[in-house]
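*Asks:* Sharing input.csv (CSV, C-alpha atoms) below.
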chain,number,residue,atom,x,y,z
A,283,MET,CA,123.9,74.5,124.9
A,284,ASP,CA,125.4,71.0,124.3
A,285,ASN,CA,122.0,69.7,123.3
A,286,TYR,CA,121.6,72.2,120.5
A,287,THR,CA,123.4,72.9,117.2
A,288,PHE,CA,123.2,76.2,115.2
A,289,ARG,CA,123.3,76.8,111.5
A,290,PRO,CA,122.2,79.3,108.9
A,291,TRP,CA,118.7,79.3,107.6
A,292,ARG,CA,118.0,77.1,104.5
A,293,GLU,CA,115.0,76.6,102.2
A,294,GLY,CA,112.3,74.4,103.8
A,295,ASP,CA,113.0,75.5,107.4
A,296,ASP,CA,109.8,77.5,107.4
A,297,LEU,CA,107.6,74.5,106.8
A,298,GLU,CA,109.3,72.5,109.5
A,299,LEU,CA,109.2,75.2,112.1
A,300,LEU,CA,105.6,76.3,111.4
A,301,GLN,CA,104.5,72.7,112.1
A,302,LEU,CA,106.1,73.0,115.5
A,303,TRP,CA,105.3,76.6,116.3
A,304,GLY,CA,101.7,76.8,115.1
A,305,ASP,CA,100.0,80.2,114.5
A,306,ALA,CA,101.9,83.4,115.4
A,307,GLU,CA,100.7,85.1,118.6
A,308,SER,CA,100.1,88.3,116.6
A,309,SER,CA,100.2,89.7,113.1
A,310,GLY,CA,103.4,91.6,114.0
A,311,TYR,CA,105.1,88.3,114.7
A,312,ASP,CA,103.9,87.0,111.3
A,313,SER,CA,105.8,90.0,109.7
A,314,PHE,CA,108.9,89.0,111.6
A,315,ARG,CA,108.5,85.3,110.5
A,316,ALA,CA,108.5,86.5,106.9
A,317,MET,CA,112.1,87.8,107.5
A,318,PHE,CA,113.4,84.3,108.2
A,319,ARG,CA,115.4,83.5,105.0
A,320,PRO,CA,118.8,82.6,103.7
A,321,ASP,CA,121.5,85.1,104.4
A,322,GLN,CA,121.6,88.2,102.3
A,323,ASP,CA,124.5,90.7,101.8
A,324,SER,CA,122.4,93.4,100.2
A,325,GLY,CA,118.8,94.5,99.6
A,326,PRO,CA,118.8,94.5,102.7
A,327,TRP,CA,121.5,92.7,104.6
A,328,SER,CA,120.2,90.0,106.9
A,329,ARG,CA,121.4,86.9,108.8
A,330,THR,CA,119.2,84.1,110.1
A,331,LEU,CA,120.1,81.3,112.5
A,332,VAL,CA,118.3,78.0,113.1
A,333,ALA,CA,118.7,76.0,116.3
A,334,GLU,CA,118.3,72.3,116.1
A,335,HIS,CA,117.7,69.7,118.8
A,336,GLN,CA,118.5,66.1,118.0
A,337,GLY,CA,118.4,67.1,114.3
A,338,VAL,CA,115.0,68.9,114.5
A,339,ALA,CA,114.7,72.6,114.0
A,340,VAL,CA,113.1,74.1,117.1
A,341,ALA,CA,114.0,77.9,117.0
A,342,ALA,CA,115.1,80.6,114.7
A,343,ALA,CA,116.5,84.1,115.0
A,344,THR,CA,117.1,86.9,112.5
A,345,VAL,CA,118.8,90.3,112.4
A,346,TYR,CA,118.5,92.6,109.5
A,347,GLU,CA,118.8,96.2,108.1
A,348,THR,CA,116.1,98.3,106.6
A,349,SER,CA,116.3,101.3,104.3
A,350,LEU,CA,113.7,103.3,106.3
A,351,HIS,CA,115.0,103.2,109.8
A,352,VAL,CA,118.8,102.9,109.7
A,353,GLN,CA,119.9,103.8,113.3
A,354,ARG,CA,119.1,100.3,114.6
A,355,LEU,CA,118.9,96.7,113.3
A,356,TRP,CA,115.7,94.7,113.6
A,357,ALA,CA,116.0,91.5,115.5
A,358,TYR,CA,113.5,88.7,116.2
A,359,ILE,CA,113.8,85.3,118.0
A,360,GLU,CA,111.2,82.6,118.2
A,361,VAL,CA,111.6,79.4,120.2
A,362,ALA,CA,109.3,76.4,120.4
A,363,VAL,CA,107.3,76.4,123.7
A,364,ASP,CA,108.9,73.1,124.9
A,365,HIS,CA,112.4,74.6,124.5
A,366,ARG,CA,111.9,77.9,126.3
A,367,ARG,CA,113.4,78.8,129.7
A,368,GLN,CA,116.5,76.7,129.0
A,369,GLY,CA,118.8,79.5,127.9
A,370,LEU,CA,118.3,78.9,124.1
A,371,GLY,CA,116.8,82.3,123.5
A,372,ALA,CA,119.6,84.0,125.4
A,373,GLU,CA,122.2,82.1,123.3
A,374,LEU,CA,120.5,83.0,120.1
A,375,PHE,CA,120.4,86.7,121.2
A,376,ARG,CA,124.1,86.5,121.9
A,377,ARG,CA,124.8,85.1,118.5
A,378,LEU,CA,122.7,87.8,116.8
A,379,GLN,CA,124.8,90.4,118.6
A,380,GLU,CA,127.9,88.8,117.1
A,381,LEU,CA,126.4,88.7,113.6
A,382,ALA,CA,125.3,92.4,114.0
A,383,SER,CA,129.0,93.3,114.3
A,384,SER,CA,129.4,92.5,110.6
A,385,SER,CA,126.5,94.5,109.3
A,386,PRO,CA,127.6,96.7,106.2
A,387,SER,CA,126.2,99.9,107.8
A,388,GLY,CA,128.3,99.4,110.9
A,389,VAL,CA,125.1,99.7,113.0
A,390,GLN,CA,125.1,97.1,115.9
A,391,VAL,CA,122.2,98.4,118.1
A,392,LEU,CA,119.2,96.0,118.1
A,393,ARG,CA,115.5,96.7,118.3
A,394,SER,CA,112.4,94.5,118.2
A,395,LYS,CA,108.7,94.5,118.8
A,396,VAL,CA,106.9,92.5,121.5
A,397,GLN,CA,103.3,92.2,122.8
A,398,GLU,CA,102.9,93.9,126.1
A,399,GLY,CA,102.6,91.4,128.9
A,400,SER,CA,103.9,88.5,126.7
A,401,ALA,CA,106.7,86.1,127.2
A,402,GLY,CA,108.6,88.0,124.5
A,403,ALA,CA,108.3,91.2,126.6
A,404,SER,CA,109.8,89.5,129.6
A,405,PHE,CA,112.6,88.0,127.6
A,406,ALA,CA,113.4,91.4,126.0
A,407,GLN,CA,113.6,93.0,129.5
A,408,ALA,CA,115.9,90.2,130.6
A,409,MET,CA,118.2,90.9,127.7
A,410,GLY,CA,118.5,94.5,128.7
A,411,LEU,CA,116.1,96.0,126.1
A,412,GLY,CA,114.0,98.9,127.2
A,413,VAL,CA,110.8,100.3,125.8
A,414,ILE,CA,111.3,103.2,123.4
A,415,GLN,CA,107.7,103.3,122.0
A,416,ARG,CA,104.2,101.9,122.9
A,417,SER,CA,101.7,101.4,120.2
A,418,GLN,CA,98.0,100.2,120.3
A,419,MET,CA,95.8,98.7,117.7
A,420,VAL,CA,92.3,100.2,118.3
A,421,LYS,CA,88.9,99.4,116.8
A,422,VAL,CA,86.4,102.2,116.6
A,423,ALA,CA,82.8,101.0,116.5
A,424,SER,CA,80.5,102.1,113.7
A,425,GLY,CA,78.2,105.0,114.5
A,426,SER,CA,80.1,105.6,117.8
A,427,VAL,CA,81.8,108.9,117.1
A,428,PRO,CA,79.8,112.1,117.9
A,429,GLU,CA,79.4,114.5,115.0
A,430,VAL,CA,81.8,117.4,114.8
A,431,PRO,CA,80.3,119.6,112.1
A,432,LEU,CA,82.5,121.2,109.4
A,433,ARG,CA,82.9,124.9,110.1
A,434,VAL,CA,81.1,127.5,108.1
A,435,ASP,CA,81.5,131.3,108.0
A,436,SER,CA,79.0,133.9,109.1
A,437,SER,CA,77.1,133.7,105.8
A,438,GLY,CA,76.9,129.9,105.9
A,439,GLN,CA,79.6,129.2,103.4
A,440,PRO,CA,81.8,126.2,104.1
A,441,MET,CA,85.2,126.8,105.6
A,442,GLN,CA,86.2,123.2,105.6
A,443,VAL,CA,85.7,120.4,103.1
A,444,ILE,CA,86.3,116.6,103.1
A,445,GLU,CA,87.2,115.2,99.7
A,446,ASN,CA,88.6,112.1,98.1
A,447,ILE,CA,92.1,112.3,96.8
A,448,ALA,CA,94.2,110.0,94.7
A,449,THR,CA,96.7,107.9,96.6
A,450,GLY,CA,99.3,108.8,93.9
A,451,SER,CA,98.9,112.5,94.8
A,452,VAL,CA,102.2,114.4,95.4
A,453,GLU,CA,100.4,116.6,97.9
A,454,LEU,CA,99.2,113.6,99.9
A,455,THR,CA,102.6,111.9,99.7
A,456,GLN,CA,104.2,115.0,101.2
A,457,LYS,CA,101.7,115.2,104.0
A,458,MET,CA,102.2,111.5,104.7
A,459,TRP,CA,106.0,111.9,105.0
A,460,GLU,CA,105.6,115.0,107.2
A,461,PHE,CA,103.3,113.0,109.6
A,462,TYR,CA,105.5,109.9,109.5
A,463,SER,CA,108.7,111.8,110.2
A,464,ARG,CA,107.1,113.8,113.1
A,465,SER,CA,105.6,110.7,114.7
A,466,HIS,CA,108.9,108.8,114.5
A,467,ARG,CA,111.3,111.3,116.0
A,468,TRP,CA,112.0,108.6,118.6
A,469,ASP,CA,113.5,106.5,115.8
A,470,PRO,CA,114.2,109.0,113.0
A,471,PRO,CA,113.7,107.7,109.5
A,472,ALA,CA,116.3,108.1,106.7
A,473,GLU,CA,115.8,110.7,104.0
A,474,ILE,CA,114.0,109.0,101.1
A,475,SER,CA,112.4,110.3,97.9
A,476,LEU,CA,108.7,111.0,97.6
A,477,GLY,CA,108.5,108.2,95.2
A,478,GLN,CA,109.8,105.8,97.9
A,479,VAL,CA,107.4,107.3,100.4
A,480,ASN,CA,104.5,106.7,98.0
A,481,ARG,CA,105.6,103.1,97.4
A,482,LEU,CA,105.9,102.3,101.1
A,483,PHE,CA,102.6,103.8,102.2
A,484,LEU,CA,100.3,104.8,99.4
A,485,SER,CA,100.8,102.3,96.5
A,486,ASP,CA,99.1,99.1,95.4
A,487,GLU,CA,102.1,97.3,96.8
A,488,ALA,CA,101.3,98.8,100.2
A,489,GLU,CA,97.7,97.7,99.6
A,490,ALA,CA,96.4,101.3,99.9
A,491,LEU,CA,92.8,101.3,98.9
A,492,GLY,CA,91.8,104.9,99.0
A,493,ALA,CA,92.3,108.3,100.8
A,494,ILE,CA,90.3,111.3,102.0
A,495,VAL,CA,91.5,114.6,103.2
A,496,LEU,CA,90.1,117.5,105.3
A,497,ARG,CA,90.9,120.9,103.8
A,498,ASP,CA,90.6,124.1,105.7
A,499,PHE,CA,89.8,127.4,104.0
A,500,ASP,CA,90.9,129.3,107.1
A,501,SER,CA,94.5,128.2,106.5
A,502,SER,CA,96.8,129.9,104.0
A,503,ASP,CA,96.9,128.6,100.5
A,504,ASP,CA,100.2,126.8,100.0
A,505,PHE,CA,99.6,124.1,97.3
A,506,SER,CA,98.5,124.7,93.7
A,507,GLY,CA,95.7,127.1,94.6
A,508,LYS,CA,93.9,124.6,97.0
A,509,PRO,CA,93.3,125.0,100.7
A,510,PRO,CA,96.0,122.9,102.5
A,511,ILE,CA,95.3,119.5,103.9
A,512,LYS,CA,94.5,119.7,107.6
A,513,ALA,CA,94.3,115.9,108.2
A,514,PHE,CA,94.0,112.8,106.1
A,515,VAL,CA,93.1,109.1,106.2
A,516,VAL,CA,94.4,106.3,104.0
A,517,SER,CA,92.5,103.0,104.0
A,518,TYR,CA,94.1,99.7,103.5
A,519,ARG,CA,92.7,96.6,101.8
A,520,PRO,CA,91.9,93.7,104.2
A,521,LEU,CA,93.2,90.4,102.7
A,522,GLU,CA,89.7,89.1,102.6
A,523,GLN,CA,88.7,91.8,100.1
A,524,GLU,CA,90.9,90.2,97.5
A,525,LEU,CA,88.1,87.6,96.9
A,526,PRO,CA,85.9,88.4,93.9
A,527,GLY,CA,82.6,90.0,94.9
A,528,ARG,CA,83.8,90.3,98.5
A,529,GLN,CA,82.0,93.0,100.5
A,530,LEU,CA,82.5,94.1,104.1
A,531,ALA,CA,80.1,92.8,106.7
A,532,ASP,CA,78.5,95.3,109.0
A,533,ASP,CA,80.8,94.5,111.9
A,534,GLU,CA,84.0,94.1,109.8
A,535,ALA,CA,86.6,96.8,110.3
A,536,THR,CA,88.8,98.5,107.6
A,537,GLU,CA,92.4,99.3,108.6
A,538,ILE,CA,93.2,102.9,108.3
A,539,LEU,CA,96.1,105.4,108.9
A,540,LEU,CA,95.0,108.7,110.2
A,541,GLY,CA,97.5,111.6,109.9
A,542,TYR,CA,97.5,115.2,110.8
A,543,ASP,CA,99.6,118.3,111.2
A,544,PHE,CA,101.4,118.1,114.6
A,545,ASP,CA,101.7,121.9,114.8
A,546,ASP,CA,98.0,122.6,114.1
A,547,VAL,CA,96.1,123.8,117.2
A,548,GLY,CA,92.9,122.4,115.6
A,549,ALA,CA,94.3,118.9,115.0
A,550,ARG,CA,92.0,117.2,117.5
A,551,GLU,CA,88.9,118.7,115.9
A,552,ALA,CA,90.1,117.5,112.5
A,553,ILE,CA,90.7,114.0,113.9
A,554,MET,CA,87.2,113.8,115.2
A,555,GLN,CA,85.7,115.2,112.0
A,556,LEU,CA,87.3,112.6,109.9
A,557,LEU,CA,86.6,109.7,112.3
A,558,TYR,CA,82.9,110.7,112.4
A,559,VAL,CA,82.7,110.4,108.6
A,560,LEU,CA,84.7,107.2,108.5
A,561,VAL,CA,82.7,105.2,111.1
A,562,HIS,CA,79.3,106.5,110.1
A,563,GLN,CA,78.5,103.0,108.6
A,564,TYR,CA,81.5,100.7,109.2
A,565,PRO,CA,84.0,100.3,112.1
A,566,VAL,CA,87.7,101.0,111.5
A,567,ILE,CA,91.0,99.8,113.0
A,568,LEU,CA,94.0,102.1,113.4
A,569,GLU,CA,97.4,102.1,115.0
A,570,VAL,CA,98.0,104.8,117.6
A,571,ASP,CA,101.6,105.4,118.9
A,572,GLU,CA,102.3,107.3,122.1
A,573,SER,CA,104.2,109.8,119.9
A,574,MET,CA,100.9,110.8,118.2
A,575,GLU,CA,99.7,112.8,121.2
A,576,ASP,CA,96.6,114.5,119.7
A,577,LEU,CA,95.3,111.3,118.2
A,578,GLN,CA,96.1,109.3,121.4
A,579,VAL,CA,94.1,111.8,123.5
A,580,MET,CA,91.0,111.6,121.2
A,581,ILE,CA,91.2,107.8,121.0
A,582,ASN,CA,91.6,107.5,124.8
A,583,GLN,CA,88.4,109.5,125.1
A,584,LEU,CA,86.5,107.2,122.8
A,585,VAL,CA,87.8,104.2,124.7
A,586,LYS,CA,86.5,105.7,128.0
A,587,MET,CA,83.1,106.3,126.3
A,588,GLY,CA,83.0,102.7,125.2
A,589,SER,CA,83.1,103.7,121.5
A,590,ALA,CA,86.5,102.2,120.9
A,591,GLN,CA,88.4,99.1,122.0
A,592,VAL,CA,92.1,98.4,122.4
A,593,LEU,CA,92.8,95.2,120.6
A,594,ASP,CA,96.4,94.8,121.6
A,595,THR,CA,99.5,96.8,122.7
A,596,THR,CA,102.9,96.5,121.1
A,597,LEU,CA,106.2,97.7,122.6
A,598,VAL,CA,109.2,98.7,120.5
A,599,VAL,CA,112.2,97.7,122.6
A,600,ALA,CA,115.9,98.5,122.1
A,601,HIS,CA,119.2,98.9,123.8
In structure tokens, what does this structure look like?
*Replies:*
Amino acid sequence: MDNYTFRPWREGDDLELLQLWGDAESSGYDSFRAMFRPDQDSGPWSRTLVAEHQGVAVAAATVYETSLHVQRLWAYIEVAVDHRRQGLGAELFRRLQELASSSPSGVQVLRSKVQEGSAGASFAQAMGLGVIQRSQMVKVASGSVPEVPLRVDSSGQPMQVIENIATGSVELTQKMWEFYSRSHRWDPPAEISLGQVNRLFLSDEAEALGAIVLRDFDSSDDFSGKPPIKAFVVSYRPLEQELPGRQLADDEATEILLGYDFDDVGAREAIMQLLYVLVHQYPVILEVDESMEDLQVMINQLVKMGSAQVLDTTLVVAH
């Protein structure tokens, strides 16, 4: 490492490095790049290193805490293509481990995200990081989901209903947190308030655009006299929609989060009922973790039918 010098991140490094790196390989890497910043001791704690070669920044690495998942620290390393396979990434990883030993929480275990089959995945394996979760971004084509009718009773009265719901709803926020907590048992989230849950997943800040729920009259009434939510969908605003007068093209997909009750024996039916309504006119994109067993089973069937397409696969890796 005699050819490299290491220093903390400083303002302006992003512009210099982006000229060398070019576009990120995935949107997930863009999110990590946003965490390159001057060192912070709170809100949350983070450390970022820059590697220079002959006075030019060629790589950066960051380690930081989050308030939602507190059992591990996030870490990310990016090295310019011309400087890979020379031990620079391994040296940055070693230095991140040293920095992690000073985290205020006392947590020192690192985690990261990599694209399956990528150079990053090979590097993570070489550093001793194993896969703890696999996640896929999937596009479901418009008009591709077979109809699963809402159930009615013997007299033809509806036993299920799909309705719009405010993203500020306490009921929806509770269901969101139940789903998130169950789908992240492999990396348990910290206990946070419903207000924080809403801000993270359902607020304008989170770019939540709207929500629909499936209610089931067969289930016991447990919230303010309404049939309980069986499953829900939250849609998120694509960046392009920020433009005045912007409307979705016929083949442009809206990003959604589809949640359901993990203990409901009818979860798969509810998933398909909501998907049918959602893709009747426009395609959607959703993230499916291996931990979301019922959703994964139904999406896999749509992929086999040619109705859905896996856009990419992300691995969460950790010690």
*Asks:* In the coordinate frame of the file, compute which residues have an atom within 12 Å of (89.5, 123.1, 114.6) when using all atoms listed in the file, and state them as number ranges by chain.
*Replies:* A: 430-434, 441-442, 496-501, 512-513, 542-543, 546-556
*Asks:* Nearest residue to Gly310 (chain A) out of A:Gln418, A:Ser451, A:Ser465, A:Thr536, using all atoms listed in the file?
*Replies:* A:Gln418
*Asks:* Please determine, counting only C-alpha atoms, which residue among A:Gln336, A:Asn446, A:Gln478, A:Ser349 has the shortest atom-to-atom distance to Gly492 (chain A).
*Replies:*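 So, comparing all the options, the nearest one is A:Asn446.
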*Asks:* So which residues are close to (103.0, 96.5, 120.1), meaning at most 9 Å away in the file's coordinates with all atoms listed in the file counted, and can you show them as a ChimeraX atom specification?
*Replies:* /A:310,395-398,415-419,594-598
*Asks:* One decimal, in Å: what's the spacing between CA of Ile511 (chain A) and CA of Val585 (chain A)?
*Replies:*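 These two atoms are separated by 26.9 Å.
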*Asks:* With a distance cut-off of 6 Å and all atoms listed in the file, select the neighbouring residues of Val340 (chain A), excluding the residue or stretch itself and same-chain residues fewer than 4 positions from it, and output the selection as a ChimeraX atom specification.
*Replies:* /A:333-334,362
*Asks:* I'd like the contact shell of region 293-299 of chain A - 9 Å cut-off, all atoms listed in the file, skipping same-chain residues fewer than 5 positions apart - returned as a ChimeraX atom specification.
*Replies:* /A:304,315,318-320,332,338-342,362
*Asks:* So the first atom is CA of Leu557 (chain A) and the second is CA of Ala493 (chain A); what is the distance between them in Å, to one decimal place?
*Replies:*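 CA of Leu557 (chain A) sits 12.9 Å away from CA of Ala493 (chain A).
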*Asks:* What is the CA of Ser475 (chain A) to CA of Tyr518 (chain A) distance in Å?
*Replies:*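 CA of Tyr518 (chain A) lies at a distance of 21.9 Å from CA of Ser475 (chain A).
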*Asks:* Go through A:Gln563, A:Ser328, A:Gln456, A:Gln578 and flag the residue nearest Ser384 (chain A), using only C-alpha atoms for the distances.
*Replies:*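 That would be A:Ser328, the residue with the smallest distance to Ser384 (chain A).
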*Asks:* Could you give me, as an NGL selection string, the residues within 10 Å of region 356-361 of chain A, counting only C-alpha atoms and dropping anything in the same chain fewer than 5 positions from it?
*Replies:* :A and (299 or 302-303 or 306 or 311 or 314-315 or 317-318 or 328-333 or 339-348 or 351 or 366-367 or 370-372 or 374-375 or 378-379 or 382 or 390-396 or 402 or 600)
*Asks:* Here is a test: counting only C-alpha atoms, which residue of A:Met283, A:Leu350, A:Arg376, A:Lys421 is nearest to Ile474 (chain A)?
*Replies:*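 Residue with the minimum atom-to-atom distance to Ile474 (chain A): A:Leu350.
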*Asks:* Using only C-alpha atoms, which of A:Ser424, A:Gln439, A:Asn285, A:Ser308 sits nearest Gln368 (chain A)?
*Replies:*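 Among A:Ser424, A:Gln439, A:Asn285, A:Ser308, it is A:Asn285 that comes nearest to Gln368 (chain A).
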*Asks:* From the options A:Ile494, A:Leu577, A:Val561, A:Val413, which residue's atoms come nearest to Ile444 (chain A), counting all atoms listed in the file?
*Replies:*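 Under the stated criterion, the closest residue is A:Ile494.
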*Asks:* Report as a PyMOL selection string all protein, DNA and RNA residues lying within 10 Å of Asn480 (chain A), evaluated on all atoms listed in the file, omitting residues in the same chain fewer than 2 positions from it.
*Replies:* chain A and resi 449-452+454-456+458-459+475-478+482-488+490
